[in-house]
Amino acid sequence: MKSWSERDLKYIWHPCSQMKDYETLPPIVIDHGKGLYLYDVEGNRYADVISSWWCNLLGHCNPQINNAVKSQIDELEHVIFANFSNKKAIELCEKLAEIIPEGLCKFNFSDNGSAAIECALKMSFQYHQQCGNTDKKRFITLTDAYHGETIGALSVGGVDLYSQIYKPILLDVARIQAPDCFRCPYNKSRDNCNCECFENAENVFKQFGDEACAMIVEPLLQGSAGMKIYPPLYLKKLRALCDEYNVILIADEIATGFGRTGKMFAFEHAGVSPDIMCLSKGLTGGYMPMALTITTQKIYDAFYADYNSGKAFMHSHTYSGNPLACAAANAVLDILNGGTVLANACKNAIYFNRIIKEKFAGVKNVGEIRSIGLINAIELVKNPITKEAFDPKLRVGYQIYKKALKKGVLLRPLGDVIYFNPPLIIEPKDMDFVTDVAKKCMLDVLDF
Ligand SMILES: *Cc1c(COP(=O)(O)O)cnc(C)c1O
């Protein structure tokens with residue numbers, strides 16, 4: 001009898017990996033999960049401190065979410081969402097409307113983060129076309145951005161690892177040099193700067209603002225770029241700049257939504273609202289693929305007209321408004337609204353950041369430790385004085401990842417940035433465990 005991982009490799013082409021690497025690190029086949037932990041078919045346990053690609057919000061197999069999905073499945077699994085609707089989708093919008101940034105009130109459903117981004121881009125372009133701003137055809141974005149893997153989303157992204165090869169077929173977008181607080185060219189610190197680097201945004205808007213329909217941004221945290229964190233003031237300034245040039249501000253809160261940054265949504269830190277907000281990942285607690293593109297009455301109204309005017313938003317996904325996913329999302333919001341999960345997460349975040357600083361600050365190759373909410377990132381560099389990075393070919397982060405797996409911790413670093421982005425329910429004893437393992441593995445690998 002072949003092992004589960006052999007049977008897997010006979011057929012499955014895994015995402016975002018070089019399949020040849022599986023020769024030395026076969027796929028880990030998970031049997032079941034509970035809370036922070038995953039258990040493989042051989043009985044090994046793994047602490048899922050990256051929330052299974054940042055989507056698992058409240059632990060694996062949360063009983064309340066399980067029950068919500070179980071009871072929905074005997075009522076209705078799915079129904080077409082054009083002309084038809086379902087109770088769970090309606091309830092979800094009612095609940096979200098209470099907690100999302102002010103002004104956002106119309107909900108467009110899709111089934112993954114990239115699709116929600118495509119929806120936002122198309123909506124922004126069509127909005128301006130229908131408002132008579134026919135020159136507004138360009139998107140503005142930040143360097144190092146990540147917004148998903150479809151062609152439009154890749155175009156507004158800026159992580160070469162994912163987009164380099166496709167550049168000849170991507171949209172021509174304008175890029176603002178993103179804030180880089182670790183290697184700040186102005187020699188400032190993110191805690192007390194005045195976002196001097198915002199002059200880059202002003203310059204790009206001077207050149208492209210008039211022909212731009214939308215600016216898209218990952219608020220406060222450029223996740224895939226290596227958990228790069230920048231100050232809320234930047235978003236405040238961006239809001240004003242977009243208003244000045246009549247450019248739609250799209251918040252990609254797919255990674256930052258639902259308490260990841262210590263507030264329900266990252267934009268709250270800045271005290272301003274975007275014109276469009278994209279949600280996914282934590283939305284269903286990591287249970288079901290679902291995403292939302294939420295916008296304002298003003299944008300919605302530009303599409304509202306007699307049918308024959310041709311102004312409708314003819315954008316659709318088969319699984320829009322799926323009731324099972326909505327049932328999971330409703331349960332997530334009930335848990336967040338009714339209980340102490342967020343408050344506990346904020347309290348535990350202080351402890352987590354403290355022990356990470358204690359354990360890792362003295363390690364020789366640690367360039368920066370940065371944190372927001374429960375997210376903590378440790379950027380490893382060859383030389384902490386000059387901040388020179390390791391040769392990527394050494395795959396330092398990947399070596400640490402492999403060692404940590406053997407010791408029961410799922411880290412999956414971004415290059416040489418080791419990070420923790422655990423479910424909000426992680427407890428202090430788990431934090432002690434995962435940081436001890438990460439440190440041991442880091443020291444083993446760095447000892448060359
Ligand atoms: C994950 C992610 C996406 C893409 O979502 P998918 O569901 O993987 O398509 C887009 N933006 C951000 C910020 C993300 O973290």
# chains A, B, ... in the order shown; residues from 1 in each chain; ligands from 1
>>> select_by_dssp(residues="segment 158-284 of chain A", states="helix (DSSP H, G or I)", output="ChimeraX atom specification")
/A:160-169,198-211,232-244,266-270,281-284
>>> select_by_dssp(residues="segment 176-422 of chain A", states="strand (DSSP E)", output="MDAnalysis selection string")
chainID A and resid 176 212:217 221:222 228:229 248:252 276:279 291:296 366:372 375:380 409:410 417:420
>>> closest_residue(among="A:Leu342, A:Ala266, A:Ile254, A:Ile151", to="ligand 1", atoms="only C-alpha atoms and all ligand atoms")
A:Ile254
>>> atom_distance(atom1="atom CA of Gly157 of chain A", atom2="atom CA of Ala145 of chain A")
4.7 Å
>>> residues_around(residues="Arg239 of chain A", least_positions_apart="5", cutoff="12 Å", atoms="only C-alpha atoms", output="number ranges by chain")
A: 198, 201-202, 214-217, 219, 232-234, 244-251, 267, 270-276
>>> write_last_selection(atoms="N, CA and C atoms", output="PDB file, in the first residue's frame")
ATOM      1  N   PHE A 198       5.858  59.812   1.855  1.00  0.00           N
ATOM      2  CA  PHE A 198       4.612  60.048   1.120  1.00  0.00           C
ATOM      3  C   PHE A 198       4.827  60.956  -0.095  1.00  0.00           C
ATOM      4  N   ALA A 201       4.211  59.221  -3.224  1.00  0.00           N
ATOM      5  CA  ALA A 201       2.808  59.128  -3.648  1.00  0.00           C
ATOM      6  C   ALA A 201       2.385  60.428  -4.328  1.00  0.00           C
ATOM      7  N   GLU A 202       2.781  61.550  -3.726  1.00  0.00           N
ATOM      8  CA  GLU A 202       2.395  62.847  -4.313  1.00  0.00           C
ATOM      9  C   GLU A 202       2.948  62.978  -5.734  1.00  0.00           C
ATOM     10  N   ALA A 214      -8.392  54.263  -9.862  1.00  0.00           N
ATOM     11  CA  ALA A 214      -8.346  53.774  -8.487  1.00  0.00           C
ATOM     12  C   ALA A 214      -6.918  53.584  -7.999  1.00  0.00           C
ATOM     13  N   MET A 215      -6.781  53.707  -6.690  1.00  0.00           N
ATOM     14  CA  MET A 215      -5.536  53.398  -5.977  1.00  0.00           C
ATOM     15  C   MET A 215      -5.845  52.223  -5.069  1.00  0.00           C
ATOM     16  N   ILE A 216      -5.042  51.172  -5.132  1.00  0.00           N
ATOM     17  CA  ILE A 216      -5.298  50.017  -4.268  1.00  0.00           C
ATOM     18  C   ILE A 216      -4.179  49.872  -3.253  1.00  0.00           C
ATOM     19  N   VAL A 217      -4.552  49.500  -2.028  1.00  0.00           N
ATOM     20  CA  VAL A 217      -3.538  49.433  -0.972  1.00  0.00           C
ATOM     21  C   VAL A 217      -3.870  48.336   0.033  1.00  0.00           C
ATOM     22  N   PRO A 219      -3.761  47.926   3.685  1.00  0.00           N
ATOM     23  CA  PRO A 219      -3.600  48.879   4.778  1.00  0.00           C
ATOM     24  C   PRO A 219      -2.665  48.403   5.889  1.00  0.00           C
ATOM     25  N   PRO A 232      -0.289  54.315  10.248  1.00  0.00           N
ATOM     26  CA  PRO A 232      -1.642  54.696   9.819  1.00  0.00           C
ATOM     27  C   PRO A 232      -1.698  56.066   9.142  1.00  0.00           C
ATOM     28  N   LEU A 233      -0.784  56.961   9.541  1.00  0.00           N
ATOM     29  CA  LEU A 233      -0.779  58.298   8.938  1.00  0.00           C
ATOM     30  C   LEU A 233      -0.702  58.230   7.416  1.00  0.00           C
ATOM     31  N   TYR A 234      -0.003  57.226   6.913  1.00  0.00           N
ATOM     32  CA  TYR A 234       0.151  57.064   5.463  1.00  0.00           C
ATOM     33  C   TYR A 234      -1.220  56.904   4.802  1.00  0.00           C
ATOM     34  N   GLU A 244      -8.367  64.468  -3.671  1.00  0.00           N
ATOM     35  CA  GLU A 244      -7.909  65.607  -4.468  1.00  0.00           C
ATOM     36  C   GLU A 244      -7.949  65.283  -5.957  1.00  0.00           C
ATOM     37  N   TYR A 245      -7.638  64.055  -6.309  1.00  0.00           N
ATOM     38  CA  TYR A 245      -7.557  63.678  -7.728  1.00  0.00           C
ATOM     39  C   TYR A 245      -8.769  62.865  -8.197  1.00  0.00           C
ATOM     40  N   ASN A 246      -9.803  62.780  -7.365  1.00  0.00           N
ATOM     41  CA  ASN A 246     -10.977  61.990  -7.723  1.00  0.00           C
ATOM     42  C   ASN A 246     -10.607  60.557  -8.109  1.00  0.00           C
ATOM     43  N   VAL A 247      -9.827  59.939  -7.244  1.00  0.00           N
ATOM     44  CA  VAL A 247      -9.389  58.556  -7.455  1.00  0.00           C
ATOM     45  C   VAL A 247     -10.022  57.685  -6.364  1.00  0.00           C
ATOM     46  N   ILE A 248     -10.598  56.561  -6.772  1.00  0.00           N
ATOM     47  CA  ILE A 248     -11.222  55.643  -5.814  1.00  0.00           C
ATOM     48  C   ILE A 248     -10.145  54.951  -4.977  1.00  0.00           C
ATOM     49  N   LEU A 249     -10.347  54.921  -3.673  1.00  0.00           N
ATOM     50  CA  LEU A 249      -9.377  54.268  -2.784  1.00  0.00           C
ATOM     51  C   LEU A 249      -9.897  52.876  -2.416  1.00  0.00           C
ATOM     52  N   ILE A 250      -9.173  51.858  -2.874  1.00  0.00           N
ATOM     53  CA  ILE A 250      -9.556  50.463  -2.601  1.00  0.00           C
ATOM     54  C   ILE A 250      -8.696  49.918  -1.463  1.00  0.00           C
ATOM     55  N   ALA A 251      -9.351  49.464  -0.403  1.00  0.00           N
ATOM     56  CA  ALA A 251      -8.636  48.832   0.708  1.00  0.00           C
ATOM     57  C   ALA A 251      -8.674  47.329   0.526  1.00  0.00           C
ATOM     58  N   PHE A 267      -8.061  49.764   8.465  1.00  0.00           N
ATOM     59  CA  PHE A 267      -8.343  51.172   8.165  1.00  0.00           C
ATOM     60  C   PHE A 267      -8.793  51.949   9.394  1.00  0.00           C
ATOM     61  N   ALA A 270      -6.497  54.378  11.062  1.00  0.00           N
ATOM     62  CA  ALA A 270      -6.248  55.675  10.427  1.00  0.00           C
ATOM     63  C   ALA A 270      -7.427  56.624  10.584  1.00  0.00           C
ATOM     64  N   GLY A 271      -8.563  56.098  11.024  1.00  0.00           N
ATOM     65  CA  GLY A 271      -9.735  56.959  11.212  1.00  0.00           C
ATOM     66  C   GLY A 271     -10.337  57.487   9.921  1.00  0.00           C
ATOM     67  N   VAL A 272     -10.066  56.808   8.818  1.00  0.00           N
ATOM     68  CA  VAL A 272     -10.687  57.200   7.541  1.00  0.00           C
ATOM     69  C   VAL A 272     -11.301  55.959   6.894  1.00  0.00           C
ATOM     70  N   SER A 273     -12.144  56.172   5.891  1.00  0.00           N
ATOM     71  CA  SER A 273     -12.785  55.055   5.196  1.00  0.00           C
ATOM     72  C   SER A 273     -12.288  54.966   3.767  1.00  0.00           C
ATOM     73  N   PRO A 274     -12.154  53.752   3.260  1.00  0.00           N
ATOM     74  CA  PRO A 274     -11.897  53.602   1.825  1.00  0.00           C
ATOM     75  C   PRO A 274     -13.213  53.732   1.058  1.00  0.00           C
ATOM     76  N   ASP A 275     -13.144  53.777  -0.272  1.00  0.00           N
ATOM     77  CA  ASP A 275     -14.362  53.789  -1.099  1.00  0.00           C
ATOM     78  C   ASP A 275     -14.808  52.371  -1.426  1.00  0.00           C
ATOM     79  N   ILE A 276     -13.841  51.469  -1.424  1.00  0.00           N
ATOM     80  CA  ILE A 276     -14.134  50.051  -1.669  1.00  0.00           C
ATOM     81  C   ILE A 276     -13.271  49.242  -0.708  1.00  0.00           C
TER      82      ILE A 276
END
>>> residues_near_ligand(ligand="ligand 1", cutoff="7 Å", atoms="only C-alpha atoms and all ligand atoms", output="list of chain:residue names")
A:Asn112, A:Gly113, A:Ser114, A:Ala115, A:Ile117, A:Tyr146, A:His147, A:Gly148, A:Glu149, A:Glu218, A:Gly223, A:Ser224, A:Asp252, A:Glu253, A:Ile254, A:Ala255, A:Ser280, A:Lys281
>>> residues_around(residues="segment 257-261 of chain A", least_positions_apart="2", cutoff="10 Å", atoms="only C-alpha atoms", output="ChimeraX atom specification")
/A:54,57,99-100,219-221,252-255,263-269,277-283,285,332-333,336,341-343,345-346,349,371-375,421-424
>>> closest_atom_pairs(of="segment 47-126 of chain A", to="segment 26-40 of chain A", cutoff="10 Å", atoms="only C-alpha atoms", output="Markdown table")
| residue | atom | partner | partner_atom | distance |
| --- | --- | --- | --- | --- |
| A:Ala47 | CA | A:Tyr37 | CA | 4.7 |
| A:Asp48 | CA | A:Leu36 | CA | 5.6 |
| A:Val49 | CA | A:Leu36 | CA | 7.3 |
| A:Ile50 | CA | A:Leu36 | CA | 9.7 |
| A:Ser51 | CA | A:Leu36 | CA | 8.0 |
| A:Ser52 | CA | A:Leu38 | CA | 9.8 |
| A:Asn56 | CA | A:Leu36 | CA | 9.1 |
| A:Leu57 | CA | A:Leu36 | CA | 9.8 |
| A:Leu58 | CA | A:Gly35 | CA | 7.3 |
| A:Gly59 | CA | A:Gly35 | CA | 4.0 |
| A:His60 | CA | A:Gly35 | CA | 4.6 |
| A:Cys61 | CA | A:Lys34 | CA | 5.5 |
| A:Asn62 | CA | A:Gly35 | CA | 6.8 |
| A:Pro63 | CA | A:Lys34 | CA | 9.6 |
>>> closest_residue(among="A:Met123, A:Cys197, A:Ile355, A:Ile140", to="Lys429 of chain A", atoms="only C-alpha atoms")
A:Ile355
>>> closest_residue(among="A:Trp53, A:Ser3, A:Ala305, A:His317", to="Leu411 of chain A", atoms="only C-alpha atoms")
A:Trp53
>>> atom_distance(atom1="atom CA of Asn353 of chain A", atom2="atom CA of Gly367 of chain A")
15.7 Å
>>> decode(residues="segment 184-198 of chain A", atoms="all heavy atoms", output="mmCIF file, in the first residue's frame")
data_model
loop_
_atom_site.group_PDB
_atom_site.id
_atom_site.type_symbol
_atom_site.label_atom_id
_atom_site.label_comp_id
_atom_site.auth_asym_id
_atom_site.auth_seq_id
_atom_site.Cartn_x
_atom_site.Cartn_y
_atom_site.Cartn_z
ATOM 1 N N CYS A 184 14.401 52.585 6.091
ATOM 2 C CA CYS A 184 13.876 53.921 5.764
ATOM 3 C C CYS A 184 14.949 54.820 5.153
ATOM 4 O O CYS A 184 15.963 55.102 5.780
ATOM 5 C CB CYS A 184 13.301 54.589 7.016
ATOM 6 S SG CYS A 184 12.704 56.262 6.669
ATOM 7 N N PRO A 185 14.715 55.291 3.917
ATOM 8 C CA PRO A 185 15.708 56.153 3.270
ATOM 9 C C PRO A 185 15.830 57.517 3.946
ATOM 10 O O PRO A 185 16.790 58.247 3.693
ATOM 11 C CB PRO A 185 15.162 56.326 1.849
ATOM 12 C CG PRO A 185 13.986 55.400 1.722
ATOM 13 C CD PRO A 185 13.534 55.046 3.095
ATOM 14 N N TYR A 186 14.849 57.864 4.782
ATOM 15 C CA TYR A 186 14.876 59.165 5.460
ATOM 16 C C TYR A 186 15.448 59.033 6.875
ATOM 17 O O TYR A 186 15.462 59.993 7.640
ATOM 18 C CB TYR A 186 13.468 59.766 5.522
ATOM 19 C CG TYR A 186 12.803 59.860 4.163
ATOM 20 C CD1 TYR A 186 12.154 58.767 3.604
ATOM 21 C CD2 TYR A 186 12.834 61.054 3.431
ATOM 22 C CE1 TYR A 186 11.557 58.837 2.351
ATOM 23 C CE2 TYR A 186 12.238 61.137 2.182
ATOM 24 C CZ TYR A 186 11.600 60.026 1.644
ATOM 25 O OH TYR A 186 11.011 60.106 0.412
ATOM 26 N N ASN A 187 15.856 57.804 7.225
ATOM 27 C CA ASN A 187 16.368 57.537 8.567
ATOM 28 C C ASN A 187 15.395 57.911 9.679
ATOM 29 O O ASN A 187 15.784 58.462 10.705
ATOM 30 C CB ASN A 187 17.711 58.252 8.789
ATOM 31 C CG ASN A 187 18.832 57.471 8.138
ATOM 32 O OD1 ASN A 187 18.889 56.241 8.243
ATOM 33 N ND2 ASN A 187 19.693 58.184 7.422
ATOM 34 N N LYS A 188 14.123 57.631 9.459
ATOM 35 C CA LYS A 188 13.107 57.896 10.480
ATOM 36 C C LYS A 188 12.647 56.559 11.058
ATOM 37 O O LYS A 188 13.025 55.492 10.571
ATOM 38 C CB LYS A 188 11.904 58.610 9.852
ATOM 39 C CG LYS A 188 12.244 59.914 9.172
ATOM 40 C CD LYS A 188 12.324 61.028 10.169
ATOM 41 C CE LYS A 188 12.772 62.322 9.468
ATOM 42 N NZ LYS A 188 12.920 63.421 10.394
ATOM 43 N N SER A 189 11.782 56.625 12.054
ATOM 44 C CA SER A 189 11.217 55.404 12.616
ATOM 45 C C SER A 189 9.703 55.442 12.454
ATOM 46 O O SER A 189 9.084 56.509 12.543
ATOM 47 C CB SER A 189 11.616 55.296 14.095
ATOM 48 O OG SER A 189 10.486 55.004 14.874
ATOM 49 N N ARG A 190 9.111 54.264 12.227
ATOM 50 C CA ARG A 190 7.667 54.239 11.921
ATOM 51 C C ARG A 190 6.821 54.733 13.089
ATOM 52 O O ARG A 190 5.671 55.095 12.913
ATOM 53 C CB ARG A 190 7.211 52.858 11.467
ATOM 54 C CG ARG A 190 7.227 51.752 12.486
ATOM 55 C CD ARG A 190 6.446 50.531 12.013
ATOM 56 N NE ARG A 190 7.131 49.711 11.020
ATOM 57 C CZ ARG A 190 8.154 48.903 11.254
ATOM 58 N NH1 ARG A 190 8.656 48.812 12.466
ATOM 59 N NH2 ARG A 190 8.679 48.186 10.295
ATOM 60 N N ASP A 191 7.401 54.761 14.292
ATOM 61 C CA ASP A 191 6.617 55.185 15.453
ATOM 62 C C ASP A 191 6.458 56.698 15.548
ATOM 63 O O ASP A 191 5.561 57.178 16.215
ATOM 64 C CB ASP A 191 7.278 54.679 16.749
ATOM 65 C CG ASP A 191 7.379 53.163 16.734
ATOM 66 O OD1 ASP A 191 6.459 52.526 16.193
ATOM 67 O OD2 ASP A 191 8.387 52.633 17.233
ATOM 68 N N ASN A 192 7.366 57.429 14.937
ATOM 69 C CA ASN A 192 7.267 58.886 15.119
ATOM 70 C C ASN A 192 7.606 59.679 13.869
ATOM 71 O O ASN A 192 7.913 60.859 13.943
ATOM 72 C CB ASN A 192 8.159 59.338 16.286
ATOM 73 C CG ASN A 192 9.601 58.898 16.081
ATOM 74 O OD1 ASN A 192 10.006 58.627 14.952
ATOM 75 N ND2 ASN A 192 10.360 58.826 17.152
ATOM 76 N N CYS A 193 7.537 59.054 12.701
ATOM 77 C CA CYS A 193 7.844 59.803 11.479
ATOM 78 C C CYS A 193 6.609 60.571 11.029
ATOM 79 O O CYS A 193 5.513 60.400 11.560
ATOM 80 C CB CYS A 193 8.313 58.862 10.374
ATOM 81 S SG CYS A 193 6.963 57.920 9.630
ATOM 82 N N ASN A 194 6.800 61.390 10.024
ATOM 83 C CA ASN A 194 5.676 62.134 9.461
ATOM 84 C C ASN A 194 5.353 61.588 8.067
ATOM 85 O O ASN A 194 4.827 62.311 7.230
ATOM 86 C CB ASN A 194 6.056 63.629 9.413
ATOM 87 C CG ASN A 194 4.834 64.493 9.165
ATOM 88 O OD1 ASN A 194 3.724 64.146 9.566
ATOM 89 N ND2 ASN A 194 5.027 65.599 8.455
ATOM 90 N N CYS A 195 5.673 60.325 7.852
ATOM 91 C CA CYS A 195 5.523 59.706 6.528
ATOM 92 C C CYS A 195 6.182 60.560 5.451
ATOM 93 O O CYS A 195 5.555 60.913 4.447
ATOM 94 C CB CYS A 195 4.053 59.452 6.193
ATOM 95 S SG CYS A 195 3.318 58.164 7.204
ATOM 96 N N GLU A 196 7.459 60.875 5.686
ATOM 97 C CA GLU A 196 8.230 61.655 4.705
ATOM 98 C C GLU A 196 8.186 60.978 3.324
ATOM 99 O O GLU A 196 8.172 61.644 2.300
ATOM 100 C CB GLU A 196 9.686 61.795 5.173
ATOM 101 C CG GLU A 196 9.909 62.875 6.229
ATOM 102 C CD GLU A 196 9.385 62.514 7.625
ATOM 103 O OE1 GLU A 196 8.961 61.350 7.843
ATOM 104 O OE2 GLU A 196 9.371 63.401 8.501
ATOM 105 N N CYS A 197 8.120 59.641 3.324
ATOM 106 C CA CYS A 197 8.116 58.910 2.050
ATOM 107 C C CYS A 197 6.837 59.136 1.253
ATOM 108 O O CYS A 197 6.746 58.719 0.099
ATOM 109 C CB CYS A 197 8.315 57.415 2.302
ATOM 110 S SG CYS A 197 7.027 56.665 3.319
ATOM 111 N N PHE A 198 5.858 59.812 1.855
ATOM 112 C CA PHE A 198 4.612 60.048 1.120
ATOM 113 C C PHE A 198 4.827 60.956 -0.095
ATOM 114 O O PHE A 198 3.988 61.010 -0.996
ATOM 115 C CB PHE A 198 3.535 60.624 2.052
ATOM 116 C CG PHE A 198 2.163 60.544 1.465
ATOM 117 C CD1 PHE A 198 1.486 59.336 1.412
ATOM 118 C CD2 PHE A 198 1.551 61.673 0.919
ATOM 119 C CE1 PHE A 198 0.228 59.241 0.830
ATOM 120 C CE2 PHE A 198 0.287 61.589 0.335
ATOM 121 C CZ PHE A 198 -0.375 60.370 0.300
#
